[in-house]
file coords-v7.pdb (PDB, C-alpha atoms)
ATOM      1  CA  LEU A 674     -12.405  20.995  12.057  1.00  0.00           C
ATOM      2  CA  ASN A 675      -9.013  22.594  12.177  1.00  0.00           C
ATOM      3  CA  ALA A 676      -6.976  21.174   9.346  1.00  0.00           C
ATOM      4  CA  THR A 677      -3.771  22.299   7.730  1.00  0.00           C
ATOM      5  CA  TYR A 678      -2.172  21.228   4.487  1.00  0.00           C
ATOM      6  CA  GLU A 679       1.472  20.235   4.511  1.00  0.00           C
ATOM      7  CA  SER A 680       3.707  18.743   1.875  1.00  0.00           C
ATOM      8  CA  VAL A 681       6.065  16.459   3.765  1.00  0.00           C
ATOM      9  CA  SER A 682       7.541  12.996   3.299  1.00  0.00           C
ATOM     10  CA  LEU A 683       6.091  10.099   5.263  1.00  0.00           C
ATOM     11  CA  ALA A 684       9.454   9.555   6.984  1.00  0.00           C
ATOM     12  CA  ASP A 685       9.611  13.180   8.173  1.00  0.00           C
ATOM     13  CA  PHE A 686       5.979  13.107   9.240  1.00  0.00           C
ATOM     14  CA  ALA A 687       6.439   9.860  11.187  1.00  0.00           C
ATOM     15  CA  ALA A 688       9.498  11.303  12.944  1.00  0.00           C
ATOM     16  CA  ARG A 689       7.673  14.385  14.210  1.00  0.00           C
ATOM     17  CA  SER A 690       4.013  13.336  14.401  1.00  0.00           C
ATOM     18  CA  PRO A 691       2.742  14.275  17.884  1.00  0.00           C
ATOM     19  CA  GLU A 692       0.544  11.190  18.197  1.00  0.00           C
ATOM     20  CA  PRO A 693      -0.558   8.329  15.957  1.00  0.00           C
ATOM     21  CA  PHE A 694      -3.919   8.230  14.186  1.00  0.00           C
ATOM     22  CA  ASP A 695      -6.940   5.932  14.509  1.00  0.00           C
ATOM     23  CA  HIS A 696      -7.193   5.624  10.705  1.00  0.00           C
ATOM     24  CA  VAL A 697      -4.410   6.109   8.180  1.00  0.00           C
ATOM     25  CA  LEU A 698      -5.152   6.339   4.456  1.00  0.00           C
ATOM     26  CA  TYR A 699      -2.255   5.577   2.115  1.00  0.00           C
ATOM     27  CA  PHE A 700      -3.653   5.747  -1.396  1.00  0.00           C
ATOM     28  CA  ASN A 701      -1.687   5.431  -4.638  1.00  0.00           C
ATOM     29  CA  VAL A 702       1.702   6.050  -3.035  1.00  0.00           C
ATOM     30  CA  LEU A 703       3.315   2.668  -2.306  1.00  0.00           C
ATOM     31  CA  TYR A 704       4.666   2.123  -5.826  1.00  0.00           C
ATOM     32  CA  HIS A 705       6.309   5.578  -5.763  1.00  0.00           C
ATOM     33  CA  VAL A 706       8.437   4.720  -2.702  1.00  0.00           C
ATOM     34  CA  GLU A 707      12.037   3.590  -3.075  1.00  0.00           C
ATOM     35  CA  ASP A 708      12.318   2.218   0.500  1.00  0.00           C
ATOM     36  CA  LEU A 709       9.258  -0.012   0.795  1.00  0.00           C
ATOM     37  CA  ILE A 710      10.080  -1.532   4.187  1.00  0.00           C
ATOM     38  CA  GLY A 711      10.983   1.873   5.634  1.00  0.00           C
ATOM     39  CA  ALA A 712       7.688   3.322   4.398  1.00  0.00           C
ATOM     40  CA  ALA A 713       5.741   0.392   5.865  1.00  0.00           C
ATOM     41  CA  ARG A 714       7.497   0.923   9.220  1.00  0.00           C
ATOM     42  CA  ASP A 715       6.586   4.619   9.095  1.00  0.00           C
ATOM     43  CA  LEU A 716       2.957   3.688   8.419  1.00  0.00           C
ATOM     44  CA  PHE A 717       3.078   1.452  11.492  1.00  0.00           C
ATOM     45  CA  THR A 718       4.469   4.368  13.526  1.00  0.00           C
ATOM     46  CA  VAL A 719       1.726   6.807  12.506  1.00  0.00           C
ATOM     47  CA  THR A 720      -1.068   4.262  13.118  1.00  0.00           C
ATOM     48  CA  LYS A 721      -2.339   4.214  16.707  1.00  0.00           C
ATOM     49  CA  PRO A 722      -2.252   0.856  18.531  1.00  0.00           C
ATOM     50  CA  GLY A 723      -5.611  -0.703  17.703  1.00  0.00           C
ATOM     51  CA  GLY A 724      -5.900   1.654  14.703  1.00  0.00           C
ATOM     52  CA  GLN A 725      -6.560   0.832  11.078  1.00  0.00           C
ATOM     53  CA  LEU A 726      -4.397   1.291   7.998  1.00  0.00           C
ATOM     54  CA  HIS A 727      -6.115   1.525   4.611  1.00  0.00           C
ATOM     55  CA  VAL A 728      -3.913   1.094   1.535  1.00  0.00           C
ATOM     56  CA  LYS A 729      -4.811   1.451  -2.128  1.00  0.00           C
ATOM     57  CA  THR A 730      -2.056   0.542  -4.543  1.00  0.00           C
ATOM     58  CA  LEU A 731      -1.261  -0.430  -8.085  1.00  0.00           C
ATOM     59  CA  VAL A 732      -0.515  -4.143  -8.394  1.00  0.00           C
ATOM     60  CA  SER A 733       1.098  -6.185 -11.108  1.00  0.00           C
ATOM     61  CA  SER A 734      -0.565  -9.209 -12.602  1.00  0.00           C
ATOM     62  CA  PRO A 735       0.299 -11.737 -15.301  1.00  0.00           C
ATOM     63  CA  ILE A 736      -3.313 -11.389 -16.492  1.00  0.00           C
ATOM     64  CA  PRO A 737      -3.949  -8.630 -19.082  1.00  0.00           C
ATOM     65  CA  GLU A 738      -5.616  -5.563 -17.547  1.00  0.00           C
ATOM     66  CA  ARG A 739      -8.730  -5.871 -19.731  1.00  0.00           C
ATOM     67  CA  LEU A 740      -9.426  -9.324 -18.221  1.00  0.00           C
ATOM     68  CA  GLN A 741      -8.677  -8.503 -14.571  1.00  0.00           C
ATOM     69  CA  LYS A 742     -12.189  -7.228 -13.896  1.00  0.00           C
ATOM     70  CA  TYR A 743     -13.406 -10.822 -14.248  1.00  0.00           C
ATOM     71  CA  LEU A 744     -11.082 -12.169 -11.553  1.00  0.00           C
ATOM     72  CA  PRO A 745     -12.422 -12.976  -8.078  1.00  0.00           C
ATOM     73  CA  GLY A 746     -11.250 -10.618  -5.336  1.00  0.00           C
ATOM     74  CA  ASN A 747      -8.957 -13.219  -3.772  1.00  0.00           C
ATOM     75  CA  TRP A 748      -7.318 -14.185  -7.065  1.00  0.00           C
ATOM     76  CA  GLY A 749      -3.568 -14.367  -6.828  1.00  0.00           C
ATOM     77  CA  ASN A 750      -3.413 -14.855  -3.062  1.00  0.00           C
ATOM     78  CA  ALA A 751      -1.641 -18.193  -3.536  1.00  0.00           C
ATOM     79  CA  MET A 752       1.155 -16.671  -5.649  1.00  0.00           C
ATOM     80  CA  PRO A 753       4.500 -16.029  -3.935  1.00  0.00           C
ATOM     81  CA  PRO A 754       5.026 -12.387  -2.924  1.00  0.00           C
ATOM     82  CA  ALA A 755       6.882 -10.439  -5.619  1.00  0.00           C
ATOM     83  CA  PHE A 756       7.780  -6.849  -6.398  1.00  0.00           C
ATOM     84  CA  ARG A 757       8.604  -5.939  -9.980  1.00  0.00           C
ATOM     85  CA  PHE A 758      11.198  -3.181 -10.313  1.00  0.00           C
ATOM     86  CA  GLU A 759      10.068  -0.641 -12.910  1.00  0.00           C
ATOM     87  CA  GLU A 760      13.391   0.472 -14.383  1.00  0.00           C
ATOM     88  CA  GLY A 761      12.869   3.922 -15.842  1.00  0.00           C
ATOM     89  CA  GLY A 762       9.371   4.182 -14.399  1.00  0.00           C
ATOM     90  CA  LEU A 763       5.978   2.984 -15.576  1.00  0.00           C
ATOM     91  CA  ASP A 764       3.661   4.462 -18.193  1.00  0.00           C
ATOM     92  CA  GLY A 765       5.798   7.588 -18.526  1.00  0.00           C
ATOM     93  CA  ASP A 766       6.041   8.166 -14.771  1.00  0.00           C
ATOM     94  CA  PRO A 767       9.711   7.973 -13.680  1.00  0.00           C
ATOM     95  CA  THR A 768       8.685   8.034  -9.981  1.00  0.00           C
ATOM     96  CA  CYS A 769       7.006   4.621 -10.204  1.00  0.00           C
ATOM     97  CA  PHE A 770       9.679   2.309  -8.808  1.00  0.00           C
ATOM     98  CA  PHE A 771       7.972  -0.981  -7.921  1.00  0.00           C
ATOM     99  CA  THR A 772       4.722  -2.746  -8.650  1.00  0.00           C
ATOM    100  CA  PRO A 773       3.865  -5.450  -6.127  1.00  0.00           C
ATOM    101  CA  ASN A 774       1.620  -8.420  -6.653  1.00  0.00           C
ATOM    102  CA  PRO A 775      -1.228  -8.776  -4.091  1.00  0.00           C
ATOM    103  CA  PRO A 776       0.610 -11.235  -1.783  1.00  0.00           C
ATOM    104  CA  ALA A 777       3.611  -8.871  -1.650  1.00  0.00           C
ATOM    105  CA  VAL A 778       1.460  -6.017  -0.318  1.00  0.00           C
ATOM    106  CA  LEU A 779       0.030  -8.284   2.385  1.00  0.00           C
ATOM    107  CA  ALA A 780       3.453  -9.719   3.298  1.00  0.00           C
ATOM    108  CA  LEU A 781       5.042  -6.263   3.501  1.00  0.00           C
ATOM    109  CA  LEU A 782       2.437  -5.037   5.997  1.00  0.00           C
ATOM    110  CA  ARG A 783       2.643  -8.219   8.086  1.00  0.00           C
ATOM    111  CA  HIS A 784       6.452  -7.956   8.086  1.00  0.00           C
ATOM    112  CA  VAL A 785       6.382  -4.622   9.934  1.00  0.00           C
ATOM    113  CA  GLY A 786       3.838  -5.791  12.513  1.00  0.00           C
ATOM    114  CA  PHE A 787       0.353  -5.150  11.144  1.00  0.00           C
ATOM    115  CA  THR A 788      -2.226  -7.861  11.791  1.00  0.00           C
ATOM    116  CA  ASP A 789      -5.598  -8.680  10.252  1.00  0.00           C
ATOM    117  CA  VAL A 790      -4.069  -7.773   6.890  1.00  0.00           C
ATOM    118  CA  GLU A 791      -6.600  -8.518   4.192  1.00  0.00           C
ATOM    119  CA  ILE A 792      -7.726  -7.539   0.745  1.00  0.00           C
ATOM    120  CA  GLN A 793     -10.882  -5.472   1.025  1.00  0.00           C
ATOM    121  CA  ALA A 794     -11.486  -4.907  -2.680  1.00  0.00           C
ATOM    122  CA  ARG A 795      -9.845  -5.085  -6.055  1.00  0.00           C
ATOM    123  CA  ASP A 796     -10.535  -2.975  -9.108  1.00  0.00           C
ATOM    124  CA  VAL A 797      -8.649  -4.036 -12.232  1.00  0.00           C
ATOM    125  CA  ASN A 798      -5.001  -3.308 -11.326  1.00  0.00           C
ATOM    126  CA  ARG A 799      -5.719  -1.569  -7.992  1.00  0.00           C
ATOM    127  CA  LEU A 800      -5.790  -3.331  -4.669  1.00  0.00           C
ATOM    128  CA  PHE A 801      -7.488  -2.078  -1.504  1.00  0.00           C
ATOM    129  CA  VAL A 802      -6.003  -3.531   1.693  1.00  0.00           C
ATOM    130  CA  GLY A 803      -6.959  -3.094   5.329  1.00  0.00           C
ATOM    131  CA  ALA A 804      -4.665  -3.803   8.268  1.00  0.00           C
ATOM    132  CA  ARG A 805      -4.702  -3.258  12.023  1.00  0.00           C
ATOM    133  CA  ARG A 806      -1.913  -2.237  14.333  1.00  0.00           C
ATOM    134  CA  PRO A 807      -2.092  -4.506  17.402  1.00  0.00           C
ATOM    135  CA  ALA A 808      -3.250  -2.783  20.588  1.00  0.00           C
TER
END

call {"tool": "encode", "arguments": {"input": "coords-v7.pdb", "output": "structure tokens"}}
result
Amino acid sequence: LNATYESVSLADFAARSPEPFDHVLYFNVLYHVEDLIGAARDLFTVTKPGGQLHVKTLVSSPIPERLQKYLPGNWGNAMPPAFRFEEGGLDGDPTCFFTPNPPAVLALLRHVGFTDVEIQARDVNRLFVGARRPA
């Protein structure tokens, strides 16, 4: 495979990407983004029609972290979507701006046009979501 490494923002990449991708992995980045809707739109742009988006993100929960491993995978789906603003960052990381709850991640991706948006797995305070860009 011919692969190159580049350090570029998602917005810049989406603006100049020659063609969208069949699979897009977006792991541990969402909560570091100031413009959540803009980032979700860029993810839609770089995902090929019929392609899959795979997101892993930190999520907030009213349940203490040590107890979250006992929750079923679909726990929290009935809660209203919410993003918590992390003023000053989170856990010493000043680039952590928002922590969404699980329904907020799903709603954000549906808002920009993804379909078949669903939780694929959950591990303590991390959520794994799959979504498809309509063909």

call {"tool": "residues_around", "arguments": {"input": "coords-v7.pdb", "residues": "range 775-780 of chain A", "least_positions_apart": "5", "cutoff": "10 Å", "atoms": "only C-alpha atoms", "output": "PyMOL selection string"}}
result
chain A and resi 703+709+713+728-734+747-756+785+787-792+795+798-804

call {"tool": "write_last_selection", "arguments": {"input": "coords-v7.pdb", "atoms": "C-alpha atoms", "output": "compact mmCIF listing (two decimals), in the coordinates of the input"}}
result
# COMPACT_ATOMS: atom_id res chain seq x y z
CA LEU A 703 3.32 2.67 -2.31
CA LEU A 709 9.26 -0.01 0.80
CA ALA A 713 5.74 0.39 5.86
CA VAL A 728 -3.91 1.09 1.54
CA LYS A 729 -4.81 1.45 -2.13
CA THR A 730 -2.06 0.54 -4.54
CA LEU A 731 -1.26 -0.43 -8.09
CA VAL A 732 -0.52 -4.14 -8.39
CA SER A 733 1.10 -6.18 -11.11
CA SER A 734 -0.56 -9.21 -12.60
CA ASN A 747 -8.96 -13.22 -3.77
CA TRP A 748 -7.32 -14.18 -7.06
CA GLY A 749 -3.57 -14.37 -6.83
CA ASN A 750 -3.41 -14.86 -3.06
CA ALA A 751 -1.64 -18.19 -3.54
CA MET A 752 1.16 -16.67 -5.65
CA PRO A 753 4.50 -16.03 -3.94
CA PRO A 754 5.03 -12.39 -2.92
CA ALA A 755 6.88 -10.44 -5.62
CA PHE A 756 7.78 -6.85 -6.40
CA VAL A 785 6.38 -4.62 9.93
CA PHE A 787 0.35 -5.15 11.14
CA THR A 788 -2.23 -7.86 11.79
CA ASP A 789 -5.60 -8.68 10.25
CA VAL A 790 -4.07 -7.77 6.89
CA GLU A 791 -6.60 -8.52 4.19
CA ILE A 792 -7.73 -7.54 0.74
CA ARG A 795 -9.85 -5.08 -6.06
CA ASN A 798 -5.00 -3.31 -11.33
CA ARG A 799 -5.72 -1.57 -7.99
CA LEU A 800 -5.79 -3.33 -4.67
CA PHE A 801 -7.49 -2.08 -1.50
CA VAL A 802 -6.00 -3.53 1.69
CA GLY A 803 -6.96 -3.09 5.33
CA ALA A 804 -4.66 -3.80 8.27

call {"tool": "closest_residue", "arguments": {"input": "coords-v7.pdb", "among": "A:Tyr678, A:Phe771, A:Phe758, A:Phe686", "to": "Thr718 in chain A", "atoms": "all atoms listed in the file"}}
result
A:Phe686

call {"tool": "axis_aligned_box", "arguments": {"input": "coords-v7.pdb", "around": "range 695-707 of chain A", "padding_each_side": "5 Å", "output": "lines of an AutoDock Vina configuration file"}}
result
center_x = 2.4
center_y = 4.2
center_z = 4.3
size_x = 29.2
size_y = 14.2
size_z = 30.3

call {"tool": "resolve_selection", "arguments": {"input": "coords-v7.pdb", "expression": "the PyMOL selection byres ((chain A and resi 712) around 12)", "output": "number ranges by chain"}}
result
A: 682-688, 699, 702-711, 713-719, 781-782, 784-785

call {"tool": "atom_distance", "arguments": {"input": "coords-v7.pdb", "atom1": "CA of Val681 in chain A", "atom2": "CA of Cys769 in chain A"}}
result
18.3 Å

call {"tool": "atom_distance", "arguments": {"input": "coords-v7.pdb", "atom1": "CA of Arg757 in chain A", "atom2": "CA of Gln793 in chain A"}}
result
22.4 Å

call {"tool": "closest_residue", "arguments": {"input": "coords-v7.pdb", "among": "A:Pro767, A:Pro693, A:Pro773, A:Pro737", "to": "Gln725 in chain A", "atoms": "only C-alpha atoms"}}
result
A:Pro693

call {"tool": "atom_distance", "arguments": {"input": "coords-v7.pdb", "atom1": "CA of Leu763 in chain A", "atom2": "CA of Glu679 in chain A"}}
result
26.9 Å

call {"tool": "resolve_selection", "arguments": {"input": "coords-v7.pdb", "expression": "the PyMOL selection byres ((chain A and resi 695) around 6)", "output": "CSV table (one decimal) with C-alpha atoms, keeping the file's coordinate frame"}}
result
chain,number,residue,atom,x,y,z
A,694,PHE,CA,-3.9,8.2,14.2
A,696,HIS,CA,-7.2,5.6,10.7
A,721,LYS,CA,-2.3,4.2,16.7
A,724,GLY,CA,-5.9,1.7,14.7
